[in-house]
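Notes follow once the structure below has been shown.
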Amino acid sequence: MTTTEAFDDPFGGIHAGSLEVRLSRSADEIDAAQALRYRVFYEEMSARPSEEMRARQRDFDEFDDNWDHLLVIDNDRSHPYESVVGTYRLNRRSVAIDNGGFYTASEYDISDLMTIDGEIMELGRSCVDARFRNRATMTLLWRGIAAYVFHYDIDLMFGCASMAGIDPDELALPLSYLHHKHLAPEGMRPRALPELYTAMNRITAEMLDERAARQALPPLLKGYLRLGGFVGDGAVIDHQFQTTDVCILVKTDLVTSKYRQHYGADVHRPVSSEKV
């Protein structure tokens, strides 16, 4: 049984009008997600593709083959290249441990996370087609994540969240705010690898304009914080994507409680996760 089949059986897709959120079901759909990522990251934004990426017009890496690809599909469009209008990449520890590990480990020491009991999940490579960049599409993506978290009994999700720009001094306000107000507790705090570490504590807590700092945060980061998210110690400059990354951690209690309220008390979580 594939991961996609295990996920699709109990959920069967979540719909809103012509849009549906579900996991990819074919290589063509993953290819379409990679094409969408290329359009957003490299054509719309300022990421720098490799020569192979430029030739293929796709964003890809060694993790794509083993991750689950959560997609928003526009069912009014027949071809996968046109119908995939939103995507997220998801990777559970029970799968990652035998399949190349976690992307975040290339930027952060996540050894403390690996000692946490229960299932953990990495998420990343989130993007939405510009024509569908609205509340409805993002709500569908988050409903899909909630269903995935609920089904696989995931206790913690994490990943690298990005802010545009590679000058930490220009990002001093939001970085300092995250450091002073949302630093993860000891014992579960990732730390940027020594050779990549960029200090986030650039403005003292006393001098911090918290309101302005929150306004300076990207919407996705704000969304994680609204769910009670924490950040790791240190930022990382990503020269390929022309971003400054922070490691975000979110306990899934709020995610699963909202999912339970929406779908009813008769929906129950599995006792434990399983590798499928």
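Ordering of the structure tokens sets the chain letters (A, B, ...); residue numbers start at 1 within each chain; ligands are numbered from 1 in the order shown.
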
Filtered DSSP result for segment 89-260 of chain A, state alpha helix (DSSP H), as a PyMOL selection string
chain A and resi 93-96+135-151+172-182+210-216+219-226+253-260

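Between Val84 of chain A and the residues A:Leu36, A:Met53, A:Ala172, A:Ala96, the shortest atom-to-atom distance, using only C-alpha atoms, involves A:Leu36.
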
Selection: 10 Å around Asp253 of chain A, only C-alpha atoms, excl. self and same-chain fewer than 4 positions, as a ChimeraX atom specification
/A:149-150,154-156,227-228,257-259

Would you put the residues from that selection into a file with C-alpha atoms, as a PDB file, in the first residue's frame?
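Contents of out09.pdb, as written:
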```
ATOM      1  CA  VAL A 149      -1.781  15.365  10.967  1.00  0.00           C
ATOM      2  CA  PHE A 150      -4.956  13.868  12.427  1.00  0.00           C
ATOM      3  CA  ILE A 154       1.411  13.586  14.416  1.00  0.00           C
ATOM      4  CA  ASP A 155       2.427  15.394  17.598  1.00  0.00           C
ATOM      5  CA  LEU A 156       4.785  18.012  16.189  1.00  0.00           C
ATOM      6  CA  LEU A 227      -1.044  28.047  16.051  1.00  0.00           C
ATOM      7  CA  GLY A 228       1.379  28.508  18.938  1.00  0.00           C
ATOM      8  CA  SER A 257      -8.664  20.017  17.873  1.00  0.00           C
ATOM      9  CA  LYS A 258      -9.935  22.285  15.074  1.00  0.00           C
ATOM     10  CA  TYR A 259     -10.095  19.286  12.744  1.00  0.00           C
TER      11      TYR A 259
END
```

Shell around Ala130 of chain A at 9 Å using only C-alpha atoms, local window under 4 positions removed, as a ChimeraX atom specification
/A:40,85,134

Suppose we keep N, CA and C atoms; can you now write the selection as a PDB file, in the first residue's frame?
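Okay, again31.pdb is ready:
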```pdb
ATOM      1  N   VAL A  40       6.821  29.857  -9.204  1.00  0.00           N
ATOM      2  CA  VAL A  40       6.715  30.759  -8.059  1.00  0.00           C
ATOM      3  C   VAL A  40       8.090  31.149  -7.533  1.00  0.00           C
ATOM      4  N   VAL A  85      -2.671  23.896  -8.444  1.00  0.00           N
ATOM      5  CA  VAL A  85      -2.577  25.336  -8.190  1.00  0.00           C
ATOM      6  C   VAL A  85      -2.031  25.656  -6.796  1.00  0.00           C
ATOM      7  N   ASN A 134      -5.385  33.165  -2.450  1.00  0.00           N
ATOM      8  CA  ASN A 134      -6.452  33.776  -1.674  1.00  0.00           C
ATOM      9  C   ASN A 134      -6.751  32.923  -0.452  1.00  0.00           C
TER      10      ASN A 134
END
```

Give me, as a PyMOL selection string, all polymer residues having an atom no more than 12 Å from segment 43-50 of chain A, counting only C-alpha atoms and skipping those fewer than 5 positions away in the same chain.
chain A and resi 35-38+55-61+127-130+162-166+238-244

What lies within 10 Å of Arg202 of chain A using only C-alpha atoms, ignoring chain neighbours under 5 positions off, as JSON, numbers by chain?
{"A": [168, 169, 171, 172, 173, 174, 175, 176, 177, 179, 208]}

Which of these, A:Thr252, A:Thr198, A:Ser78, A:Ser83, has the shortest distance to Tyr224 of chain A once you count only C-alpha atoms?
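Nearest to Tyr224 of chain A: A:Thr252.
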
Residues at most 9 Å from Gly144 of chain A, counting only C-alpha atoms, excluding those fewer than 6 positions away in the same chain, as a list in words?
Gly13, Ile14, Val21, Arg22, Leu23, Leu70, Leu71 and Val72 of chain A

So that I have them on file, write out the residues from the current selection with N, CA and C atoms, as a PDB file, in the first residue's frame.
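Final output, saved to result.pdb:
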```
ATOM      1  N   GLY A  13     -10.435  13.233  -0.294  1.00  0.00           N
ATOM      2  CA  GLY A  13     -10.330  14.592  -0.811  1.00  0.00           C
ATOM      3  C   GLY A  13     -11.238  15.551  -0.052  1.00  0.00           C
ATOM      4  N   ILE A  14     -10.833  16.796   0.049  1.00  0.00           N
ATOM      5  CA  ILE A  14     -11.600  17.844   0.704  1.00  0.00           C
ATOM      6  C   ILE A  14     -11.852  18.913  -0.344  1.00  0.00           C
ATOM      7  N   VAL A  21      -8.338  19.368  -2.230  1.00  0.00           N
ATOM      8  CA  VAL A  21      -7.009  19.153  -1.658  1.00  0.00           C
ATOM      9  C   VAL A  21      -6.851  17.665  -1.349  1.00  0.00           C
ATOM     10  N   ARG A  22      -5.738  17.119  -1.777  1.00  0.00           N
ATOM     11  CA  ARG A  22      -5.427  15.702  -1.552  1.00  0.00           C
ATOM     12  C   ARG A  22      -3.953  15.481  -1.835  1.00  0.00           C
ATOM     13  N   LEU A  23      -3.491  14.253  -1.597  1.00  0.00           N
ATOM     14  CA  LEU A  23      -2.119  13.897  -1.933  1.00  0.00           C
ATOM     15  C   LEU A  23      -2.010  13.570  -3.422  1.00  0.00           C
ATOM     16  N   LEU A  70       1.206  17.280  -0.988  1.00  0.00           N
ATOM     17  CA  LEU A  70      -0.169  17.730  -0.794  1.00  0.00           C
ATOM     18  C   LEU A  70      -0.483  18.762  -1.870  1.00  0.00           C
ATOM     19  N   LEU A  71      -1.582  18.564  -2.572  1.00  0.00           N
ATOM     20  CA  LEU A  71      -1.906  19.403  -3.722  1.00  0.00           C
ATOM     21  C   LEU A  71      -3.291  20.015  -3.585  1.00  0.00           C
ATOM     22  N   VAL A  72      -3.417  21.244  -4.076  1.00  0.00           N
ATOM     23  CA  VAL A  72      -4.738  21.809  -4.348  1.00  0.00           C
ATOM     24  C   VAL A  72      -4.959  21.675  -5.848  1.00  0.00           C
TER      25      VAL A  72
END
```

From a backbone DSSP assignment, name each residue in segment 37-210 of chain A labelled strand (DSSP E or B), as a PyMOL selection string.
chain A and resi 68-74+84-92+108-109+119-128+154-164+183+191-192+198

With C-alpha atoms retained, write the just-selected residues as an mmCIF file, in the first residue's frame.
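So selection02.cif came out as:
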```
data_model
loop_
_atom_site.group_PDB
_atom_site.id
_atom_site.type_symbol
_atom_site.label_atom_id
_atom_site.label_comp_id
_atom_site.auth_asym_id
_atom_site.auth_seq_id
_atom_site.Cartn_x
_atom_site.Cartn_y
_atom_site.Cartn_z
ATOM 1 C CA ASP A 68 4.160 13.184 0.245
ATOM 2 C CA HIS A 69 2.989 16.017 -2.016
ATOM 3 C CA LEU A 70 -0.169 17.730 -0.794
ATOM 4 C CA LEU A 71 -1.906 19.403 -3.722
ATOM 5 C CA VAL A 72 -4.738 21.809 -4.348
ATOM 6 C CA ILE A 73 -6.343 20.658 -7.598
ATOM 7 C CA ASP A 74 -8.624 22.780 -9.773
ATOM 8 C CA VAL A 84 -2.209 21.850 -9.677
ATOM 9 C CA VAL A 85 -2.577 25.336 -8.190
ATOM 10 C CA GLY A 86 -1.149 24.834 -4.693
ATOM 11 C CA THR A 87 1.280 22.480 -3.000
ATOM 12 C CA TYR A 88 3.019 21.529 0.252
ATOM 13 C CA ARG A 89 5.628 18.839 0.836
ATOM 14 C CA LEU A 90 5.130 16.586 3.886
ATOM 15 C CA ASN A 91 7.503 14.055 5.413
ATOM 16 C CA ARG A 92 6.905 11.896 8.487
ATOM 17 C CA TYR A 108 19.697 23.011 11.585
ATOM 18 C CA ASP A 109 20.766 20.585 14.278
ATOM 19 C CA GLU A 119 5.334 11.016 15.302
ATOM 20 C CA ILE A 120 6.824 14.239 13.969
ATOM 21 C CA MET A 121 6.432 15.718 10.503
ATOM 22 C CA GLU A 122 8.471 18.101 8.382
ATOM 23 C CA LEU A 123 6.661 20.400 5.978
ATOM 24 C CA GLY A 124 7.961 22.766 3.333
ATOM 25 C CA ARG A 125 8.071 23.871 -0.321
ATOM 26 C CA SER A 126 4.735 25.621 0.114
ATOM 27 C CA CYS A 127 3.479 27.749 -2.758
ATOM 28 C CA VAL A 128 0.256 28.743 -4.530
ATOM 29 C CA ILE A 154 1.411 13.586 14.416
ATOM 30 C CA ASP A 155 2.427 15.394 17.598
ATOM 31 C CA LEU A 156 4.785 18.012 16.189
ATOM 32 C CA MET A 157 5.408 19.547 12.787
ATOM 33 C CA PHE A 158 8.449 21.581 11.810
ATOM 34 C CA GLY A 159 10.276 23.048 8.847
ATOM 35 C CA CYS A 160 12.199 26.009 7.490
ATOM 36 C CA ALA A 161 10.109 29.164 7.065
ATOM 37 C CA SER A 162 11.541 31.944 4.915
ATOM 38 C CA MET A 163 11.669 35.712 4.827
ATOM 39 C CA ALA A 164 12.612 37.447 1.592
ATOM 40 C CA LEU A 183 12.046 30.935 20.946
ATOM 41 C CA ARG A 191 19.983 25.352 16.418
ATOM 42 C CA ALA A 192 21.375 26.568 13.121
ATOM 43 C CA THR A 198 23.227 33.934 11.889
#
```

Distance in Å - atom CA of Tyr103 of chain A versus atom CA of Phe63 of chain A
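About the pair atom CA of Tyr103 of chain A and atom CA of Phe63 of chain A: they are 7.4 Å apart.
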
When you count only C-alpha atoms, which of these residues is closest to Arg77 of chain A: A:Arg39, A:Leu178, A:Glu20, A:Glu170?
A:Glu20

Taking only C-alpha atoms into account, name the residue in A:Asp245, A:Glu195, A:Glu186, A:Asp65 that is nearest to Val95 of chain A.
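Among A:Asp245, A:Glu195, A:Glu186, A:Asp65, it is A:Asp65 that comes nearest to Val95 of chain A.
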
Atom CA of Val255 of chain A to atom CA of Ile145 of chain A, straight-line distance in Å:
8.5 Å
